[in-house]
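Q: Structure file entry_13.tsv, TSV, C-alpha atoms, is pasted below:
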```
chain	number	residue	atom	x	y	z
A	987	MET	CA	-20.15	-42.81	56.31
A	988	PRO	CA	-22.77	-40.41	57.78
A	989	MET	CA	-21.79	-38.66	61.04
A	990	GLU	CA	-24.47	-40.44	63.05
A	991	ASN	CA	-22.97	-43.78	62.00
A	992	HIS	CA	-19.53	-42.64	63.15
A	993	ASP	CA	-21.02	-41.61	66.49
A	994	ALA	CA	-22.61	-45.04	66.84
A	995	GLN	CA	-19.33	-46.72	65.89
A	996	ARG	CA	-17.47	-44.62	68.44
A	997	ARG	CA	-19.94	-45.43	71.22
A	998	GLU	CA	-19.78	-49.15	70.40
A	999	ILE	CA	-15.98	-49.19	70.49
A	1000	ILE	CA	-15.91	-47.38	73.82
A	1001	ARG	CA	-18.60	-49.66	75.24
A	1002	ASN	CA	-16.59	-52.75	74.25
A	1003	THR	CA	-13.17	-51.44	75.32
A	1004	LYS	CA	-11.47	-53.67	77.86
A	1005	ARG	CA	-7.91	-52.36	77.58
A	1006	VAL	CA	-6.88	-48.77	76.84
A	1007	VAL	CA	-3.57	-46.98	76.36
A	1008	ILE	CA	-3.68	-43.35	77.46
A	1009	LYS	CA	-0.85	-41.02	76.47
A	1010	VAL	CA	-0.43	-37.62	78.10
A	1011	GLY	CA	2.03	-35.07	76.76
A	1012	SER	CA	4.28	-32.52	78.41
A	1013	ALA	CA	2.11	-29.63	77.22
A	1014	VAL	CA	-0.75	-31.06	79.31
A	1015	LEU	CA	1.24	-32.07	82.37
A	1016	THR	CA	3.61	-29.18	82.87
A	1017	SER	CA	3.78	-25.42	83.21
A	1018	GLU	CA	6.72	-23.04	83.42
A	1019	GLN	CA	7.11	-24.15	87.03
A	1020	GLY	CA	7.40	-27.83	86.04
A	1021	VAL	CA	4.92	-30.62	86.73
A	1022	ASP	CA	1.41	-29.33	87.46
A	1023	LEU	CA	0.29	-31.38	90.45
A	1024	ARG	CA	-3.35	-30.42	89.94
A	1025	VAL	CA	-3.31	-31.98	86.45
A	1026	ILE	CA	-1.72	-35.17	87.75
A	1027	SER	CA	-4.27	-35.43	90.55
A	1028	ARG	CA	-7.21	-34.92	88.17
A	1029	LEU	CA	-5.77	-37.41	85.70
A	1030	ALA	CA	-5.26	-40.01	88.42
A	1031	ASP	CA	-8.84	-39.46	89.61
A	1032	GLN	CA	-10.28	-40.07	86.13
A	1033	ILE	CA	-8.09	-43.10	85.40
A	1034	ALA	CA	-8.96	-44.58	88.79
A	1035	CYS	CA	-12.66	-44.24	87.92
A	1036	LEU	CA	-12.10	-46.12	84.64
A	1037	HIS	CA	-10.06	-48.72	86.49
A	1038	ASP	CA	-12.90	-49.19	89.01
A	1039	LYS	CA	-15.20	-50.02	86.09
A	1040	GLY	CA	-12.94	-52.90	85.08
A	1041	LEU	CA	-10.79	-51.28	82.40
A	1042	ALA	CA	-7.13	-52.22	82.16
A	1043	VAL	CA	-5.23	-48.95	81.72
A	1044	VAL	CA	-1.67	-48.31	80.55
A	1045	LEU	CA	-0.51	-44.71	80.96
A	1046	VAL	CA	2.28	-43.42	78.71
A	1047	SER	CA	3.48	-40.19	80.27
A	1048	SER	CA	5.83	-37.49	79.09
A	1049	GLY	CA	6.98	-34.75	81.43
A	1050	ALA	CA	10.27	-36.00	82.88
A	1051	VAL	CA	12.45	-33.64	80.86
A	1052	ALA	CA	10.16	-30.66	81.44
A	1053	SER	CA	10.12	-31.48	85.16
A	1054	GLY	CA	13.90	-31.74	85.25
A	1055	LYS	CA	14.29	-28.49	83.33
A	1056	ALA	CA	12.16	-26.62	85.86
A	1057	ARG	CA	14.39	-27.90	88.66
A	1058	LEU	CA	17.52	-26.87	86.75
A	1059	ILE	CA	16.22	-23.34	86.32
A	1060	GLU	CA	16.14	-23.10	90.10
A	1061	GLN	CA	19.84	-24.00	90.12
A	1062	ARG	CA	20.63	-21.76	87.10
A	1063	LEU	CA	22.31	-24.55	85.14
A	1064	ASP	CA	22.49	-24.75	81.33
A	1065	VAL	CA	21.41	-27.46	78.89
A	1066	ASN	CA	23.39	-27.58	75.64
A	1067	GLY	CA	23.27	-31.11	74.18
A	1068	PHE	CA	22.01	-34.68	74.32
A	1069	PRO	CA	23.94	-35.69	77.48
A	1070	GLU	CA	22.40	-32.75	79.30
A	1071	TYR	CA	18.99	-33.77	77.93
A	1072	GLN	CA	19.51	-37.27	79.34
A	1073	ALA	CA	20.54	-35.84	82.69
A	1074	LEU	CA	17.40	-33.68	82.70
A	1075	SER	CA	15.29	-36.80	82.26
A	1076	ALA	CA	17.04	-38.50	85.17
A	1077	LEU	CA	16.49	-35.42	87.31
A	1078	GLY	CA	12.81	-35.12	86.43
A	1079	GLN	CA	11.70	-38.76	86.13
A	1080	SER	CA	11.98	-39.54	89.83
A	1081	ARG	CA	9.91	-36.49	90.74
A	1082	LEU	CA	7.32	-37.25	88.06
A	1083	MET	CA	6.89	-40.85	89.21
A	1084	ARG	CA	6.70	-39.85	92.86
A	1085	GLU	CA	3.83	-37.47	92.10
A	1086	TYR	CA	2.00	-40.13	90.09
A	1087	ASP	CA	2.48	-42.72	92.80
A	1088	ASP	CA	1.18	-40.37	95.49
A	1089	ALA	CA	-1.81	-39.30	93.37
A	1090	PHE	CA	-2.91	-42.83	92.48
A	1091	ARG	CA	-2.40	-44.06	96.04
A	1092	ARG	CA	-5.03	-41.58	97.20
A	1093	PHE	CA	-7.52	-43.51	95.04
A	1094	GLY	CA	-6.34	-46.91	96.20
A	1095	LYS	CA	-4.41	-47.75	93.03
A	1096	LEU	CA	-1.01	-49.39	92.59
A	1097	THR	CA	1.31	-48.05	89.90
A	1098	ALA	CA	4.49	-49.41	88.34
A	1099	GLN	CA	7.20	-47.51	86.49
A	1100	ILE	CA	8.21	-48.92	83.09
A	1101	LEU	CA	11.16	-47.27	81.33
A	1102	LEU	CA	11.86	-48.49	77.80
A	1103	THR	CA	14.21	-47.70	74.94
A	1104	ARG	CA	13.92	-48.43	71.24
A	1105	ASP	CA	16.58	-51.09	71.75
A	1106	ASP	CA	14.16	-52.95	74.05
A	1107	PHE	CA	11.73	-53.27	71.13
A	1108	LYS	CA	14.41	-53.98	68.54
A	1109	HIS	CA	15.63	-57.19	70.20
A	1110	ARG	CA	12.98	-59.90	70.23
A	1111	SER	CA	13.97	-61.39	73.59
A	1112	ARG	CA	13.84	-58.02	75.35
A	1113	PHE	CA	10.55	-57.25	73.63
A	1114	LEU	CA	9.09	-60.50	74.95
A	1115	ASN	CA	10.38	-59.72	78.44
A	1116	ALA	CA	8.61	-56.35	78.31
A	1117	LEU	CA	5.46	-58.07	77.06
A	1118	ASN	CA	5.48	-60.61	79.88
A	1119	THR	CA	6.09	-57.91	82.48
A	1120	MET	CA	3.18	-55.82	81.20
A	1121	ARG	CA	0.87	-58.82	81.15
A	1122	GLN	CA	1.71	-59.67	84.75
A	1123	LEU	CA	1.19	-56.10	85.95
A	1124	LEU	CA	-2.20	-55.92	84.23
A	1125	ASP	CA	-3.16	-59.30	85.68
A	1126	TRP	CA	-2.40	-57.83	89.11
A	1127	SER	CA	-4.61	-54.79	88.29
A	1128	VAL	CA	-1.60	-52.50	88.52
A	1129	ILE	CA	-1.53	-49.33	86.40
A	1130	PRO	CA	1.79	-49.28	84.44
A	1131	ILE	CA	3.20	-45.80	83.82
A	1132	VAL	CA	5.48	-45.90	80.80
A	1133	ASN	CA	8.13	-43.45	79.61
A	1134	GLU	CA	11.21	-43.63	77.43
A	1135	ASN	CA	14.40	-44.39	79.33
A	1136	ASP	CA	16.19	-41.30	78.07
A	1137	THR	CA	19.07	-41.64	80.50
A	1138	VAL	CA	20.55	-44.71	78.78
A	1139	CYS	CA	19.37	-44.62	75.16
A	1140	PHE	CA	21.64	-43.69	72.27
A	1141	GLN	CA	20.55	-40.65	70.28
A	1142	HIS	CA	20.06	-42.65	67.07
A	1143	LEU	CA	17.89	-45.16	68.98
A	1144	HIS	CA	15.77	-42.45	70.55
A	1145	PHE	CA	12.00	-42.66	69.87
A	1146	GLY	CA	11.93	-38.90	69.48
A	1147	ASP	CA	8.51	-38.54	71.09
A	1148	ASN	CA	6.22	-40.54	73.32
A	1149	ASP	CA	3.51	-40.69	70.66
A	1150	TYR	CA	5.65	-43.28	68.87
A	1151	LEU	CA	6.25	-45.19	72.09
A	1152	ALA	CA	2.52	-45.11	72.92
A	1153	SER	CA	1.57	-46.60	69.55
A	1154	LEU	CA	3.98	-49.48	70.19
A	1155	MET	CA	2.37	-50.00	73.59
A	1156	VAL	CA	-1.02	-50.30	71.86
A	1157	SER	CA	0.41	-53.27	69.98
A	1158	LEU	CA	2.33	-54.66	72.96
A	1159	VAL	CA	-0.72	-54.92	75.24
A	1160	ASN	CA	-3.26	-55.53	72.45
A	1161	ALA	CA	-5.29	-52.45	73.42
A	1162	ASP	CA	-8.78	-51.81	72.04
A	1163	LEU	CA	-8.49	-48.04	72.25
A	1164	PHE	CA	-5.74	-45.41	72.20
A	1165	ILE	CA	-6.46	-42.02	73.79
A	1166	ASN	CA	-3.93	-39.26	73.14
A	1167	LEU	CA	-4.32	-36.34	75.56
A	1168	THR	CA	-2.86	-33.16	74.13
A	1169	SER	CA	-3.01	-29.38	74.47
A	1170	ALA	CA	-5.30	-29.12	71.42
A	1171	ARG	CA	-9.04	-29.85	71.39
A	1172	GLY	CA	-8.48	-32.36	68.58
A	1173	VAL	CA	-7.25	-32.48	65.00
A	1174	CYS	CA	-8.14	-29.34	63.04
A	1175	ASP	CA	-9.14	-29.10	59.37
A	1176	VAL	CA	-6.22	-26.71	58.79
A	1177	ASN	CA	-3.16	-25.87	60.84
A	1178	PRO	CA	-4.38	-23.67	63.72
A	1179	LEU	CA	-0.93	-22.09	63.93
A	1180	GLN	CA	-1.58	-20.62	60.50
A	1181	ASP	CA	-5.36	-20.13	60.53
A	1182	PRO	CA	-7.18	-18.92	63.67
A	1183	ASN	CA	-10.50	-20.10	62.16
A	1184	ALA	CA	-9.44	-23.74	62.15
A	1185	LYS	CA	-12.18	-26.18	63.19
A	1186	VAL	CA	-11.80	-29.49	65.01
A	1187	LEU	CA	-12.54	-32.55	62.89
A	1188	PRO	CA	-14.95	-34.80	64.82
A	1189	VAL	CA	-13.78	-37.86	62.85
A	1190	ILE	CA	-11.06	-38.87	60.40
A	1191	GLU	CA	-12.66	-41.71	58.50
A	1192	ASP	CA	-9.60	-42.95	56.59
A	1193	ILE	CA	-6.35	-42.06	58.35
A	1194	ALA	CA	-4.32	-43.97	55.74
A	1195	SER	CA	-5.34	-41.54	52.98
A	1196	LEU	CA	-4.83	-38.37	55.05
A	1197	ASP	CA	-2.01	-36.09	53.87
A	1198	ILE	CA	-0.52	-35.62	57.32
A	1199	ASP	CA	2.52	-33.63	56.15
A	1200	ASN	CA	0.38	-30.91	54.60
A	1201	LEU	CA	-2.11	-30.80	57.45
A	1202	CYS	CA	0.41	-30.53	60.28
A	1203	LYS	CA	3.32	-28.18	60.57
A	1204	GLY	CA	4.70	-27.04	63.89
A	1205	LYS	CA	5.31	-28.33	67.39
A	1206	THR	CA	4.33	-27.37	70.90
A	1207	SER	CA	7.02	-25.68	72.93
A	1208	ALA	CA	6.83	-28.08	75.86
A	1209	GLY	CA	7.00	-31.39	74.01
A	1210	SER	CA	8.91	-33.00	71.16
A	1211	GLY	CA	5.95	-34.11	69.08
A	1212	GLY	CA	3.08	-32.02	67.80
A	1213	MET	CA	-0.04	-33.06	65.90
A	1214	HIS	CA	2.03	-34.69	63.14
A	1215	SER	CA	3.45	-37.30	65.52
A	1216	LYS	CA	0.01	-37.86	67.06
A	1217	LEU	CA	-1.56	-38.59	63.68
A	1218	MET	CA	1.31	-40.89	62.75
A	1219	ALA	CA	0.73	-42.74	66.02
A	1220	ALA	CA	-2.97	-42.96	65.18
A	1221	ARG	CA	-2.10	-44.46	61.80
A	1222	ARG	CA	-0.01	-47.14	63.47
A	1223	ALA	CA	-2.78	-47.87	65.98
A	1224	ALA	CA	-5.32	-48.12	63.14
A	1225	GLN	CA	-3.10	-50.62	61.32
A	1226	ILE	CA	-2.96	-52.90	64.35
A	1227	GLY	CA	-6.73	-52.71	64.85
A	1228	ALA	CA	-7.20	-50.05	67.55
A	1229	ALA	CA	-9.23	-46.84	67.33
A	1230	THR	CA	-7.77	-43.52	68.50
A	1231	ILE	CA	-9.21	-40.43	70.15
A	1232	ILE	CA	-7.09	-37.27	70.11
A	1233	MET	CA	-8.48	-34.80	72.62
A	1234	ALA	CA	-7.73	-32.01	75.08
A	1235	GLY	CA	-6.06	-33.31	78.21
A	1236	ARG	CA	-7.04	-30.36	80.39
A	1237	GLU	CA	-10.73	-30.47	79.49
A	1238	PRO	CA	-12.63	-30.99	82.79
A	1239	HIS	CA	-13.44	-34.68	83.38
A	1240	ALA	CA	-12.49	-35.42	79.75
A	1241	LEU	CA	-11.85	-39.17	80.14
A	1242	GLU	CA	-15.01	-39.79	82.15
A	1243	ARG	CA	-17.08	-37.84	79.62
A	1244	VAL	CA	-15.68	-39.81	76.69
A	1245	PHE	CA	-16.47	-43.12	78.36
A	1246	ASN	CA	-19.96	-41.82	79.13
A	1247	GLY	CA	-20.54	-41.37	75.41
A	1248	GLU	CA	-19.67	-37.71	74.82
A	1249	ALA	CA	-17.99	-37.03	71.46
A	1250	LEU	CA	-14.91	-35.06	72.51
A	1251	GLY	CA	-11.88	-34.53	70.29
A	1252	THR	CA	-11.22	-36.35	67.05
A	1253	PHE	CA	-12.18	-40.00	66.59
A	1254	ILE	CA	-10.04	-42.14	64.26
A	1255	PRO	CA	-11.39	-45.66	63.67
A	1256	ALA	CA	-9.24	-48.72	63.13
A	1257	GLU	CA	-8.62	-50.00	59.63
A	1258	SER	CA	-11.07	-52.63	58.45
A	1259	LYS	CA	-8.23	-55.11	57.93
A	1260	SER	CA	-5.48	-54.98	60.54
A	1261	VAL	CA	-1.90	-56.10	59.97
A	1262	SER	CA	-0.43	-59.03	61.86
A	1263	GLN	CA	1.42	-58.48	65.12
A	1264	ARG	CA	4.52	-59.89	63.44
A	1265	LYS	CA	4.48	-57.40	60.56
A	1266	PHE	CA	3.75	-54.54	62.95
A	1267	TRP	CA	6.74	-55.49	65.10
A	1268	MET	CA	8.92	-55.90	62.02
A	1269	ALA	CA	8.06	-52.47	60.63
A	1270	TYR	CA	8.08	-50.32	63.75
A	1271	HIS	CA	10.43	-51.83	66.30
A	1272	ASP	CA	13.54	-50.98	64.32
A	1273	THR	CA	14.88	-48.09	62.24
A	1274	PRO	CA	15.38	-48.59	58.48
A	1275	GLU	CA	19.09	-48.93	57.74
A	1276	GLY	CA	18.89	-48.25	54.02
A	1277	ALA	CA	16.59	-47.92	51.04
A	1278	LEU	CA	15.84	-49.64	47.74
A	1279	SER	CA	14.53	-47.63	44.79
A	1280	LEU	CA	11.93	-49.53	42.72
A	1281	ASP	CA	10.82	-49.01	39.16
A	1282	ALA	CA	7.14	-48.50	38.32
A	1283	GLY	CA	6.61	-52.14	37.43
A	1284	ALA	CA	7.98	-53.35	40.75
A	1285	VAL	CA	5.79	-50.86	42.63
A	1286	ARG	CA	2.70	-52.23	40.88
A	1287	ALA	CA	3.73	-55.82	41.59
A	1288	VAL	CA	4.39	-55.17	45.27
A	1289	ALA	CA	1.66	-52.64	46.08
A	1290	GLU	CA	-1.19	-53.78	43.86
A	1291	ARG	CA	-0.63	-57.49	43.26
A	1292	GLY	CA	0.85	-58.54	46.61
A	1293	LYS	CA	4.07	-59.89	45.08
A	1294	SER	CA	7.53	-60.19	46.58
A	1295	LEU	CA	10.28	-57.81	45.49
A	1296	LEU	CA	12.61	-59.31	42.89
A	1297	PRO	CA	16.03	-57.92	41.85
A	1298	ALA	CA	14.76	-57.00	38.38
A	1299	GLY	CA	12.59	-54.25	39.86
A	1300	VAL	CA	15.31	-52.52	41.91
A	1301	ASN	CA	17.46	-49.82	40.31
A	1302	ARG	CA	19.35	-48.27	43.26
A	1303	VAL	CA	20.58	-49.17	46.74
A	1304	GLU	CA	21.07	-46.55	49.44
A	1305	GLY	CA	23.03	-47.14	52.64
A	1306	THR	CA	25.17	-49.96	53.98
A	1307	PHE	CA	23.39	-52.86	55.69
A	1308	GLU	CA	23.56	-56.56	56.41
A	1309	VAL	CA	21.24	-59.45	55.57
A	1310	GLY	CA	17.99	-59.19	57.52
A	1311	ALA	CA	18.11	-55.40	57.87
A	1312	LEU	CA	14.95	-53.32	57.71
A	1313	VAL	CA	14.97	-51.18	54.56
A	1314	ARG	CA	12.64	-48.67	52.96
A	1315	LEU	CA	11.12	-49.40	49.57
A	1316	LEU	CA	10.95	-46.22	47.50
A	1317	GLY	CA	8.84	-45.54	44.43
A	1318	PRO	CA	10.10	-43.66	41.33
A	1319	ASP	CA	9.13	-40.33	42.98
A	1320	GLY	CA	11.14	-41.11	46.12
A	1321	ASP	CA	8.12	-41.70	48.37
A	1322	THR	CA	8.21	-44.62	50.79
A	1323	ILE	CA	5.75	-47.28	49.65
A	1324	GLY	CA	6.79	-49.91	52.19
A	1325	VAL	CA	9.41	-51.34	54.49
A	1326	GLY	CA	10.74	-54.87	54.61
A	1327	LEU	CA	13.50	-57.23	55.70
A	1328	THR	CA	16.13	-57.75	53.01
A	1329	ASN	CA	17.47	-61.20	52.11
A	1330	TYR	CA	20.73	-59.70	50.78
A	1331	ASP	CA	23.25	-57.24	52.15
A	1332	SER	CA	23.89	-53.95	50.38
A	1333	GLU	CA	27.13	-55.13	48.75
A	1334	ASP	CA	25.52	-58.15	47.08
A	1335	LEU	CA	22.43	-56.15	46.15
A	1336	ALA	CA	24.57	-53.71	44.19
A	1337	LYS	CA	25.73	-56.63	42.03
A	1338	ILE	CA	22.28	-57.97	41.15
A	1339	LEU	CA	20.29	-54.76	40.63
A	1340	GLY	CA	17.96	-55.00	37.66
A	1341	ARG	CA	18.94	-58.59	36.93
A	1342	GLN	CA	16.69	-61.62	36.60
A	1343	THR	CA	16.51	-64.13	39.43
A	1344	ARG	CA	18.11	-66.77	37.23
A	1345	ASP	CA	21.25	-64.58	37.03
A	1346	ILE	CA	21.85	-64.37	40.78
A	1347	GLU	CA	23.87	-67.58	41.07
A	1348	SER	CA	26.24	-66.66	38.26
A	1349	LEU	CA	26.80	-63.20	39.80
A	1350	LEU	CA	27.13	-64.20	43.46
A	1351	GLY	CA	28.10	-67.88	43.28
A	1352	ALA	CA	24.89	-68.91	45.02
A	1353	CYS	CA	21.20	-68.00	45.01
A	1354	PRO	CA	19.96	-68.40	48.61
A	1355	TYR	CA	16.75	-66.45	47.88
A	1356	ALA	CA	14.82	-65.66	44.73
A	1357	GLU	CA	13.37	-62.54	46.35
A	1358	ILE	CA	15.15	-59.49	47.72
A	1359	VAL	CA	12.22	-58.88	50.10
A	1360	HIS	CA	9.61	-61.58	50.53
A	1361	ARG	CA	5.99	-60.38	50.73
A	1362	ASP	CA	5.66	-62.02	54.17
A	1363	ASN	CA	8.43	-59.69	55.39
A	1364	LEU	CA	6.99	-56.53	53.89
A	1365	LEU	CA	4.56	-53.88	55.17
A	1366	LEU	CA	3.00	-51.40	52.75
A	1367	ASP	CA	2.24	-47.77	53.61
A	1368	PRO	CA	4.19	-47.68	56.89
A	1369	ALA	CA	3.71	-44.79	59.30
A	1370	ILE	CA	7.37	-43.87	59.68
```
Rewrite the structure of this file - the entire thing - as structure tokens.
A:
Amino acid sequence: MPMENHDAQRREIIRNTKRVVIKVGSAVLTSEQGVDLRVISRLADQIACLHDKGLAVVLVSSGAVASGKARLIEQRLDVNGFPEYQALSALGQSRLMREYDDAFRRFGKLTAQILLTRDDFKHRSRFLNALNTMRQLLDWSVIPIVNENDTVCFQHLHFGDNDYLASLMVSLVNADLFINLTSARGVCDVNPLQDPNAKVLPVIEDIASLDIDNLCKGKTSAGSGGMHSKLMAARRAAQIGAATIIMAGREPHALERVFNGEALGTFIPAESKSVSQRKFWMAYHDTPEGALSLDAGAVRAVAERGKSLLPAGVNRVEGTFEVGALVRLLGPDGDTIGVGLTNYDSEDLAKILGRQTRDIESLLGACPYAEIVHRDNLLLDPAI
């Protein structure tokens, strides 16, 4: 698509945006002294202006750990492991939220703190409770400020970075647009850590075909993500039908300029055909507990012909899991081609690998399902 068409598409999406998720990272919000109050004040000013124009805004904010770390330095205390990391978050989160609340109050805006864990998304009832809470806050014209509840989450249920959490919020609130504010000016054509001549890409037309692993290597010192996690979040947003803009968070009046039509950062349009909310929730609100290796024929059937996965096409099971677990589907080269919910546990799967469906009953004593993973419970090309 010619660049002028992308610019027109971008302007149209922004013009029609009613609900936006804005994520701001630690590298934008903090300095060596902790939370930068000037950045928070400027961010609140810009978001308040958008809010005054009728936009519903959800802010996903990092910075609690960095804020807590700055306070610990004053006390000369050490951080050595995950419990200390959780304590840092507890120490910094209250200060971070206080500064946000004070900043937004100056512009006449109400804020609400939302702390979530991966477990809240994993369990359907808790997910629905979070959804209902967010809907009510937005109906009241409150600005929710979301962060991971690091103080209570288990390490293996940790999101790892707020880019992942923000992409789930895009789905949760059915946002039209996802804006990721970072320390970089956008996504570069090569890794700027390796090439000082790297140039910002104004648009990524097809995020699904982008080789993110080769493009992005390295992380910022202040945060836990980096451009890799931001592009993975953009892929998830594109799948659910939302466009993404990755842009510099400290650029003067950046949000206002974007909504006035200026082409800042990197624009990533939504996919032409979005996945269902159900499949999105299935794929991203849990962690795969195992993996199934498929032969070439099964990969073609699943990926190209939209078929369910049958036992004849599986040649190896990895991990131990129960019925209904989320598992990766691996191609012959070991790459993940999809994720899905399994109809059999790992022990029974090991008995029926490579066998025809008609053999299942004789091997297991019953054949509750003809498919190992039904196509309705399968998402191809997941961003995990």
Q: Using only C-alpha atoms, can you tell me which of A:Leu1241, A:Leu1041, A:Ile1008, A:Leu1280 comes closest to Leu1295 of chain A?
A: A:Leu1280
Q: Please, which residues are within 10 Å of (7.8, -42.6, 88.3) by the file's coordinates, counting only C-alpha atoms, and could they come as an MDAnalysis selection string?
A: chainID A and resid 1047 1050 1078:1087 1097:1101 1130:1133
Q: Between A:Asn1118, A:Asn1135, A:Ser1260, A:Thr1003, single out the one closest to Val1051 of chain A, counting only C-alpha atoms.
A: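 Counting only C-alpha atoms, the residue closest to Val1051 of chain A is A:Asn1135.
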Q: Any chance you could work out the axis-aligned box around segment 1173-1184 of chain A, listed atoms only, 6 Å on each side, giving centre and edge lengths in Å to one decimal, as AutoDock Vina command-line options?
A:
```
--center_x -5.7 --center_y -25.7 --center_z 61.9 --size_x 21.6 --size_y 25.6 --size_z 18.2
```
Q: Might you pull out every residue within 7 Å of Cys1174 of chain A, with all atoms listed in the file counted and same-chain residues fewer than 6 positions away left off, and present them as a PDB file with C-alpha atoms, in the coordinates of the input?
A:
```
ATOM      1  CA  ALA A1184      -9.440 -23.740  62.150  1.00  0.00           C
ATOM      2  CA  LYS A1185     -12.180 -26.180  63.190  1.00  0.00           C
ATOM      3  CA  VAL A1186     -11.800 -29.490  65.010  1.00  0.00           C
ATOM      4  CA  LEU A1187     -12.540 -32.550  62.890  1.00  0.00           C
TER       5      LEU A1187
END
```
Q: May I ask for the distance between atom CA of Val1244 of chain A and atom CA of Arg997 of chain A, given in Å to one decimal place?
A: 8.9 Å
Q: Would you fill out segment 1258-1275 of chain A with N, CA and C atoms and return it as a CSV table (one decimal), in the frame of the given file?
A:
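Output saved as out37.csv:
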```
chain,number,residue,atom,x,y,z
A,1258,SER,N,-10.2,-51.5,58.5
A,1258,SER,CA,-11.1,-52.6,58.4
A,1258,SER,C,-10.3,-53.9,58.5
A,1259,LYS,N,-9.1,-53.9,57.9
A,1259,LYS,CA,-8.2,-55.1,57.9
A,1259,LYS,C,-6.9,-54.8,58.6
A,1260,SER,N,-6.7,-55.3,59.8
A,1260,SER,CA,-5.5,-55.0,60.5
A,1260,SER,C,-4.3,-55.9,60.1
A,1261,VAL,N,-3.1,-55.3,60.3
A,1261,VAL,CA,-1.9,-56.1,60.0
A,1261,VAL,C,-1.6,-57.1,61.1
A,1262,SER,N,-0.8,-58.0,60.8
A,1262,SER,CA,-0.4,-59.0,61.9
A,1262,SER,C,0.5,-58.4,62.9
A,1263,GLN,N,0.5,-59.0,64.1
A,1263,GLN,CA,1.4,-58.5,65.1
A,1263,GLN,C,2.9,-58.6,64.6
A,1264,ARG,N,3.2,-59.7,63.9
A,1264,ARG,CA,4.5,-59.9,63.4
A,1264,ARG,C,5.0,-58.8,62.5
A,1265,LYS,N,4.1,-58.4,61.5
A,1265,LYS,CA,4.5,-57.4,60.6
A,1265,LYS,C,4.6,-56.0,61.2
A,1266,PHE,N,3.7,-55.8,62.2
A,1266,PHE,CA,3.8,-54.5,63.0
A,1266,PHE,C,5.1,-54.4,63.7
A,1267,TRP,N,5.5,-55.5,64.4
A,1267,TRP,CA,6.7,-55.5,65.1
A,1267,TRP,C,7.9,-55.3,64.1
A,1268,MET,N,7.9,-56.0,63.0
A,1268,MET,CA,8.9,-55.9,62.0
A,1268,MET,C,9.1,-54.5,61.5
A,1269,ALA,N,8.0,-53.8,61.3
A,1269,ALA,CA,8.1,-52.5,60.6
A,1269,ALA,C,8.4,-51.4,61.6
A,1270,TYR,N,8.0,-51.5,62.9
A,1270,TYR,CA,8.1,-50.3,63.8
A,1270,TYR,C,9.0,-50.5,64.9
A,1271,HIS,N,9.6,-51.6,65.1
A,1271,HIS,CA,10.4,-51.8,66.3
A,1271,HIS,C,11.9,-51.7,65.9
A,1272,ASP,N,12.2,-51.2,64.8
A,1272,ASP,CA,13.5,-51.0,64.3
A,1272,ASP,C,13.6,-49.8,63.4
A,1273,THR,N,14.7,-49.2,63.1
A,1273,THR,CA,14.9,-48.1,62.2
A,1273,THR,C,15.4,-48.6,60.9
A,1274,PRO,N,14.8,-48.2,59.8
A,1274,PRO,CA,15.4,-48.6,58.5
A,1274,PRO,C,16.9,-48.2,58.3
A,1275,GLU,N,17.7,-49.2,57.9
A,1275,GLU,CA,19.1,-48.9,57.7
A,1275,GLU,C,19.5,-48.5,56.3
```
